Amino acid sequence: MIHQNSSKIIRVVVFGPESTGKTTLCKDLSALYKTQWVPEFARSYLQNKWDQKKEVCAKEDLPHIVKGQMDLENQMITKAHKVLFCDTNILVTQIWSETHFDGYCDPVIHQAVKQVHYDLYLLTGIDIPWEKDDLRDRPNDRKNMFSFFENKLITRKLAYKHIRGSRVNRIKSAKKAIDSIFLFNVDSERI
């Protein structure tokens with residue numbers, strides 16, 4: 001069973017298509033806020049699969065990836081200070097499944113997506129160069145993938161902020177959005 005542990009820690013997902021600077025932004029923000037970040041479980045899991053068998057992700061891998069990601073998040077939330085940055089989440093796995101397997105997504109993943117909560121999504125833009133690696137597979141479909149990601153946020157009515165530009169500008173935009181959540185939480189506690 002996939003379960004997100006409850007916490008008063010603010011959860012921020014760095015969210016978007018492949019090769020849009022998500023890991024870099026997570027590292028930068030966790031250093032800035034002196035807290036933890038959750039790495040992408042799928043990256044290590046699928047890289048290992050590729051290195052061992054030269055096989056890519058299959059439908060059957062996805063529930064395992066979702067569970068591994070949530071387990072990592074649940075571990076890191078206990079070590080976080082005020083905010084936790086997630087380099088992906090279950091919604092990303094759902095999107096990846098739907099875009100790579102002709103709309104298919106395992107019911108376990110659909111159910112898990114409905115049960116988790118995040119305070120903010122930072123939607124990373126495609127305005128940085130695409131970098132090839134063993135796992136990335138859509139260098140020519142970046143605009144469509146970005147639209148798919150953004151439409152999912154809009155459809156689900158999730159709070160998000162566009163993150164674009166240079167590394168410095170991305171950090172500034174993200175910080176402004178995150179700090180507004182802290183201010184909202186402080187104001188709410190006074191009421």
# chains A, B, ... in the order shown; residues from 1 in each chain; ligands from 1
call {"tool": "closest_atom_pairs", "arguments": {"of": "range 105-183 of chain A", "to": "range 7-17 of chain A", "cutoff": "7 Å", "atoms": "only C-alpha atoms", "output": "JSON lines"}}
result
{"residue": "A:Tyr118", "atom": "CA", "partner": "A:Arg11", "partner_atom": "CA", "distance": 5.1}
{"residue": "A:Asp119", "atom": "CA", "partner": "A:Arg11", "partner_atom": "CA", "distance": 5.4}
{"residue": "A:Leu120", "atom": "CA", "partner": "A:Val12", "partner_atom": "CA", "distance": 4.9}
{"residue": "A:Tyr121", "atom": "CA", "partner": "A:Val13", "partner_atom": "CA", "distance": 4.8}
{"residue": "A:Leu122", "atom": "CA", "partner": "A:Val14", "partner_atom": "CA", "distance": 4.8}
{"residue": "A:Leu123", "atom": "CA", "partner": "A:Phe15", "partner_atom": "CA", "distance": 4.9}
{"residue": "A:Thr124", "atom": "CA", "partner": "A:Gly16", "partner_atom": "CA", "distance": 5.3}
{"residue": "A:Met145", "atom": "CA", "partner": "A:Pro17", "partner_atom": "CA", "distance": 6.0}
{"residue": "A:Phe146", "atom": "CA", "partner": "A:Pro17", "partner_atom": "CA", "distance": 5.8}
{"residue": "A:Phe149", "atom": "CA", "partner": "A:Gly16", "partner_atom": "CA", "distance": 6.1}
call {"tool": "write_last_selection", "arguments": {"atoms": "N, CA and C atoms", "output": "PDB file, in the first residue's frame"}}
result
ATOM      1  N   TYR A 118       0.422  18.112  -1.711  1.00  0.00           N
ATOM      2  CA  TYR A 118       1.610  18.955  -1.789  1.00  0.00           C
ATOM      3  C   TYR A 118       1.150  20.399  -1.759  1.00  0.00           C
ATOM      4  N   ASP A 119       1.946  21.269  -1.146  1.00  0.00           N
ATOM      5  CA  ASP A 119       1.567  22.664  -0.983  1.00  0.00           C
ATOM      6  C   ASP A 119       1.819  23.507  -2.228  1.00  0.00           C
ATOM      7  N   LEU A 120       2.806  23.092  -3.023  1.00  0.00           N
ATOM      8  CA  LEU A 120       3.174  23.885  -4.192  1.00  0.00           C
ATOM      9  C   LEU A 120       3.901  23.018  -5.202  1.00  0.00           C
ATOM     10  N   TYR A 121       3.626  23.284  -6.470  1.00  0.00           N
ATOM     11  CA  TYR A 121       4.355  22.676  -7.581  1.00  0.00           C
ATOM     12  C   TYR A 121       5.149  23.778  -8.273  1.00  0.00           C
ATOM     13  N   LEU A 122       6.433  23.552  -8.486  1.00  0.00           N
ATOM     14  CA  LEU A 122       7.272  24.463  -9.253  1.00  0.00           C
ATOM     15  C   LEU A 122       7.450  23.849 -10.633  1.00  0.00           C
ATOM     16  N   LEU A 123       6.752  24.403 -11.618  1.00  0.00           N
ATOM     17  CA  LEU A 123       6.736  23.859 -12.978  1.00  0.00           C
ATOM     18  C   LEU A 123       7.925  24.406 -13.763  1.00  0.00           C
ATOM     19  N   THR A 124       8.919  23.567 -13.989  1.00  0.00           N
ATOM     20  CA  THR A 124      10.159  23.992 -14.640  1.00  0.00           C
ATOM     21  C   THR A 124       9.993  24.057 -16.150  1.00  0.00           C
ATOM     22  N   MET A 145       5.154  17.814 -24.014  1.00  0.00           N
ATOM     23  CA  MET A 145       5.275  17.268 -22.660  1.00  0.00           C
ATOM     24  C   MET A 145       5.039  18.362 -21.618  1.00  0.00           C
ATOM     25  N   PHE A 146       5.592  19.551 -21.850  1.00  0.00           N
ATOM     26  CA  PHE A 146       5.374  20.653 -20.924  1.00  0.00           C
ATOM     27  C   PHE A 146       3.881  20.961 -20.822  1.00  0.00           C
ATOM     28  N   PHE A 149       2.113  18.374 -18.729  1.00  0.00           N
ATOM     29  CA  PHE A 149       2.363  18.596 -17.300  1.00  0.00           C
ATOM     30  C   PHE A 149       1.520  19.754 -16.769  1.00  0.00           C
TER      31      PHE A 149
END
call {"tool": "closest_atom_pairs", "arguments": {"of": "range 113-163 of chain A", "to": "range 91-101 of chain A", "cutoff": "12 Å", "atoms": "only C-alpha atoms", "output": "Markdown table"}}
result
| residue | atom | partner | partner_atom | distance |
| --- | --- | --- | --- | --- |
| A:Val113 | CA | A:Leu91 | CA | 5.9 |
| A:Lys114 | CA | A:Leu91 | CA | 9.2 |
| A:Gln115 | CA | A:Leu91 | CA | 10.9 |
| A:Val116 | CA | A:Leu91 | CA | 9.3 |
| A:His117 | CA | A:Leu91 | CA | 10.6 |
| A:Tyr118 | CA | A:Leu91 | CA | 10.7 |
| A:Tyr121 | CA | A:Leu91 | CA | 10.8 |
| A:Leu123 | CA | A:Val92 | CA | 11.4 |
| A:Arg136 | CA | A:Trp96 | CA | 11.6 |
| A:Asp137 | CA | A:His100 | CA | 10.1 |
| A:Arg138 | CA | A:His100 | CA | 10.2 |
| A:Asp141 | CA | A:Thr99 | CA | 10.9 |
| A:Asn144 | CA | A:Thr99 | CA | 10.0 |
| A:Met145 | CA | A:Thr99 | CA | 8.2 |
| A:Phe146 | CA | A:Ile95 | CA | 10.8 |
| A:Ser147 | CA | A:Ile95 | CA | 11.2 |
| A:Phe148 | CA | A:Ile95 | CA | 7.7 |
| A:Phe149 | CA | A:Ile95 | CA | 7.2 |
| A:Glu150 | CA | A:Ile95 | CA | 10.6 |
| A:Asn151 | CA | A:Ile95 | CA | 10.5 |
| A:Lys152 | CA | A:Ile95 | CA | 8.0 |
| A:Leu153 | CA | A:Leu91 | CA | 9.3 |
| A:Arg156 | CA | A:Leu91 | CA | 10.4 |
| A:Leu158 | CA | A:Leu91 | CA | 11.2 |
call {"tool": "write_last_selection", "arguments": {"atoms": "C-alpha atoms", "output": "JSON list (two decimals), in the first residue's frame"}}
result
[["chain", "number", "residue", "atom", "x", "y", "z"],
["A", 113, "VAL", "CA", -2.39, 10.33, -6.70],
["A", 114, "LYS", "CA", -5.76, 11.11, -5.11],
["A", 115, "GLN", "CA", -4.44, 10.49, -1.59],
["A", 116, "VAL", "CA", -1.32, 12.65, -1.52],
["A", 117, "HIS", "CA", -1.01, 16.37, -0.84],
["A", 118, "TYR", "CA", 1.61, 18.96, -1.79],
["A", 121, "TYR", "CA", 4.36, 22.68, -7.58],
["A", 123, "LEU", "CA", 6.74, 23.86, -12.98],
["A", 136, "ARG", "CA", 15.71, 10.47, -21.40],
["A", 137, "ASP", "CA", 13.79, 9.80, -24.57],
["A", 138, "ARG", "CA", 11.85, 12.85, -25.81],
["A", 141, "ASP", "CA", 8.60, 16.60, -27.83],
["A", 144, "ASN", "CA", 3.93, 18.82, -25.85],
["A", 145, "MET", "CA", 5.27, 17.27, -22.66],
["A", 146, "PHE", "CA", 5.37, 20.65, -20.92],
["A", 147, "SER", "CA", 1.75, 21.28, -21.95],
["A", 148, "PHE", "CA", 0.74, 17.86, -20.66],
["A", 149, "PHE", "CA", 2.36, 18.60, -17.30],
["A", 150, "GLU", "CA", 0.77, 22.03, -17.00],
["A", 151, "ASN", "CA", -2.67, 20.78, -18.09],
["A", 152, "LYS", "CA", -2.54, 18.11, -15.38],
["A", 153, "LEU", "CA", -1.92, 20.82, -12.75],
["A", 156, "ARG", "CA", -6.47, 18.98, -10.79],
["A", 158, "LEU", "CA", -3.12, 22.37, -7.93]]
call {"tool": "residues_around", "arguments": {"residues": "range 69-76 of chain A", "least_positions_apart": "3", "cutoff": "6 Å", "atoms": "only C-alpha atoms", "output": "MDAnalysis selection string"}}
result
chainID A and resid 5 38 41 66 79
call {"tool": "atom_distance", "arguments": {"atom1": "CA of Ile77 in chain A", "atom2": "CA of Met1 in chain A"}}
result
18.4 Å
call {"tool": "closest_residue", "arguments": {"among": "A:Ile178, A:Cys57, A:Leu46, A:Leu183", "to": "Val83 in chain A", "atoms": "only C-alpha atoms"}}
result
A:Ile178
call {"tool": "closest_residue", "arguments": {"among": "A:Ile2, A:Ala174, A:Ile128, A:Val168", "to": "Gly21 in chain A", "atoms": "only C-alpha atoms"}}
result
A:Ile128
call {"tool": "residues_around", "arguments": {"residues": "Val56 in chain A", "least_positions_apart": "5", "cutoff": "9 Å", "atoms": "only C-alpha atoms", "output": "count of residues only"}}
result
5
call {"tool": "decode", "arguments": {"residues": "range 95-109 of chain A", "atoms": "all heavy atoms", "output": "compact mmCIF listing (two decimals), in the first residue's frame"}}
result
# COMPACT_ATOMS: atom_id res chain seq x y z
N ILE A 95 1.71 10.81 -15.17
CA ILE A 95 1.89 11.48 -16.46
C ILE A 95 2.79 10.67 -17.37
O ILE A 95 2.49 10.46 -18.55
CB ILE A 95 2.46 12.90 -16.26
CG1 ILE A 95 1.40 13.79 -15.61
CG2 ILE A 95 2.95 13.50 -17.58
CD1 ILE A 95 1.93 15.13 -15.11
N TRP A 96 3.89 10.20 -16.83
CA TRP A 96 4.83 9.42 -17.63
C TRP A 96 4.14 8.16 -18.18
O TRP A 96 4.29 7.82 -19.35
CB TRP A 96 6.05 9.04 -16.78
CG TRP A 96 7.23 8.67 -17.62
CD1 TRP A 96 8.21 9.49 -18.06
CD2 TRP A 96 7.54 7.37 -18.12
NE1 TRP A 96 9.11 8.79 -18.81
CE2 TRP A 96 8.73 7.48 -18.87
CE3 TRP A 96 6.93 6.12 -18.03
CZ2 TRP A 96 9.32 6.40 -19.51
CZ3 TRP A 96 7.51 5.04 -18.67
CH2 TRP A 96 8.70 5.18 -19.39
N SER A 97 3.36 7.50 -17.35
CA SER A 97 2.64 6.31 -17.78
C SER A 97 1.67 6.65 -18.91
O SER A 97 1.64 5.98 -19.95
CB SER A 97 1.89 5.69 -16.61
OG SER A 97 1.19 4.54 -17.02
N GLU A 98 0.90 7.70 -18.73
CA GLU A 98 -0.11 8.07 -19.73
C GLU A 98 0.52 8.50 -21.05
O GLU A 98 -0.03 8.21 -22.12
CB GLU A 98 -1.00 9.19 -19.18
CG GLU A 98 -1.88 8.72 -18.04
CD GLU A 98 -2.61 9.84 -17.32
OE1 GLU A 98 -2.35 11.03 -17.61
OE2 GLU A 98 -3.44 9.52 -16.45
N THR A 99 1.66 9.16 -20.99
CA THR A 99 2.29 9.63 -22.23
C THR A 99 3.13 8.56 -22.92
O THR A 99 3.37 8.65 -24.12
CB THR A 99 3.17 10.87 -21.98
OG1 THR A 99 4.17 10.57 -21.01
CG2 THR A 99 2.33 12.06 -21.52
N HIS A 100 3.56 7.57 -22.19
CA HIS A 100 4.42 6.54 -22.77
C HIS A 100 3.70 5.22 -23.05
O HIS A 100 4.21 4.39 -23.79
CB HIS A 100 5.62 6.28 -21.86
CG HIS A 100 6.66 7.35 -21.93
ND1 HIS A 100 6.46 8.61 -21.42
CD2 HIS A 100 7.89 7.36 -22.47
CE1 HIS A 100 7.53 9.34 -21.63
NE2 HIS A 100 8.41 8.61 -22.26
N PHE A 101 2.52 5.03 -22.45
CA PHE A 101 1.78 3.78 -22.64
C PHE A 101 0.37 4.04 -23.14
O PHE A 101 -0.61 3.45 -22.66
CB PHE A 101 1.78 2.96 -21.34
CG PHE A 101 3.15 2.52 -20.89
CD1 PHE A 101 3.69 3.00 -19.72
CD2 PHE A 101 3.90 1.66 -21.67
CE1 PHE A 101 4.96 2.61 -19.30
CE2 PHE A 101 5.18 1.26 -21.26
CZ PHE A 101 5.71 1.74 -20.08
N ASP A 102 0.25 4.96 -24.10
CA ASP A 102 -1.02 5.23 -24.79
C ASP A 102 -2.19 5.50 -23.85
O ASP A 102 -3.29 4.97 -24.04
CB ASP A 102 -1.37 4.06 -25.74
CG ASP A 102 -0.33 3.87 -26.82
OD1 ASP A 102 0.18 4.88 -27.34
OD2 ASP A 102 0.00 2.70 -27.12
N GLY A 103 -1.97 6.32 -22.84
CA GLY A 103 -3.03 6.71 -21.93
C GLY A 103 -3.22 5.79 -20.74
O GLY A 103 -3.99 6.09 -19.83
N TYR A 104 -2.53 4.65 -20.71
CA TYR A 104 -2.68 3.70 -19.62
C TYR A 104 -2.01 4.19 -18.34
O TYR A 104 -0.91 4.74 -18.37
CB TYR A 104 -2.07 2.34 -19.99
CG TYR A 104 -2.03 1.39 -18.82
CD1 TYR A 104 -3.16 0.68 -18.44
CD2 TYR A 104 -0.87 1.24 -18.05
CE1 TYR A 104 -3.15 -0.17 -17.35
CE2 TYR A 104 -0.84 0.39 -16.96
CZ TYR A 104 -1.98 -0.31 -16.61
OH TYR A 104 -1.97 -1.15 -15.52
N CYS A 105 -2.67 3.96 -17.22
CA CYS A 105 -2.06 4.16 -15.91
C CYS A 105 -2.66 3.15 -14.95
O CYS A 105 -3.89 2.99 -14.88
CB CYS A 105 -2.29 5.59 -15.41
SG CYS A 105 -1.43 5.92 -13.87
N ASP A 106 -1.81 2.47 -14.23
CA ASP A 106 -2.23 1.44 -13.27
C ASP A 106 -3.20 2.06 -12.25
O ASP A 106 -2.95 3.15 -11.74
CB ASP A 106 -0.99 0.90 -12.55
CG ASP A 106 -1.29 -0.32 -11.71
OD1 ASP A 106 -2.04 -0.19 -10.71
OD2 ASP A 106 -0.76 -1.39 -12.03
N PRO A 107 -4.30 1.36 -11.93
CA PRO A 107 -5.26 1.87 -10.94
C PRO A 107 -4.63 2.18 -9.57
O PRO A 107 -5.08 3.08 -8.87
CB PRO A 107 -6.29 0.75 -10.83
CG PRO A 107 -6.18 -0.02 -12.10
CD PRO A 107 -4.76 0.11 -12.55
N VAL A 108 -3.59 1.45 -9.20
CA VAL A 108 -2.90 1.70 -7.93
C VAL A 108 -2.31 3.11 -7.94
O VAL A 108 -2.37 3.84 -6.94
CB VAL A 108 -1.79 0.65 -7.70
CG1 VAL A 108 -0.88 1.04 -6.55
CG2 VAL A 108 -2.40 -0.72 -7.46
N ILE A 109 -1.78 3.52 -9.08
CA ILE A 109 -1.18 4.86 -9.20
C ILE A 109 -2.28 5.92 -9.18
O ILE A 109 -2.15 6.93 -8.49
CB ILE A 109 -0.31 4.95 -10.46
CG1 ILE A 109 0.87 3.98 -10.35
CG2 ILE A 109 0.19 6.38 -10.68
CD1 ILE A 109 1.68 3.81 -11.61
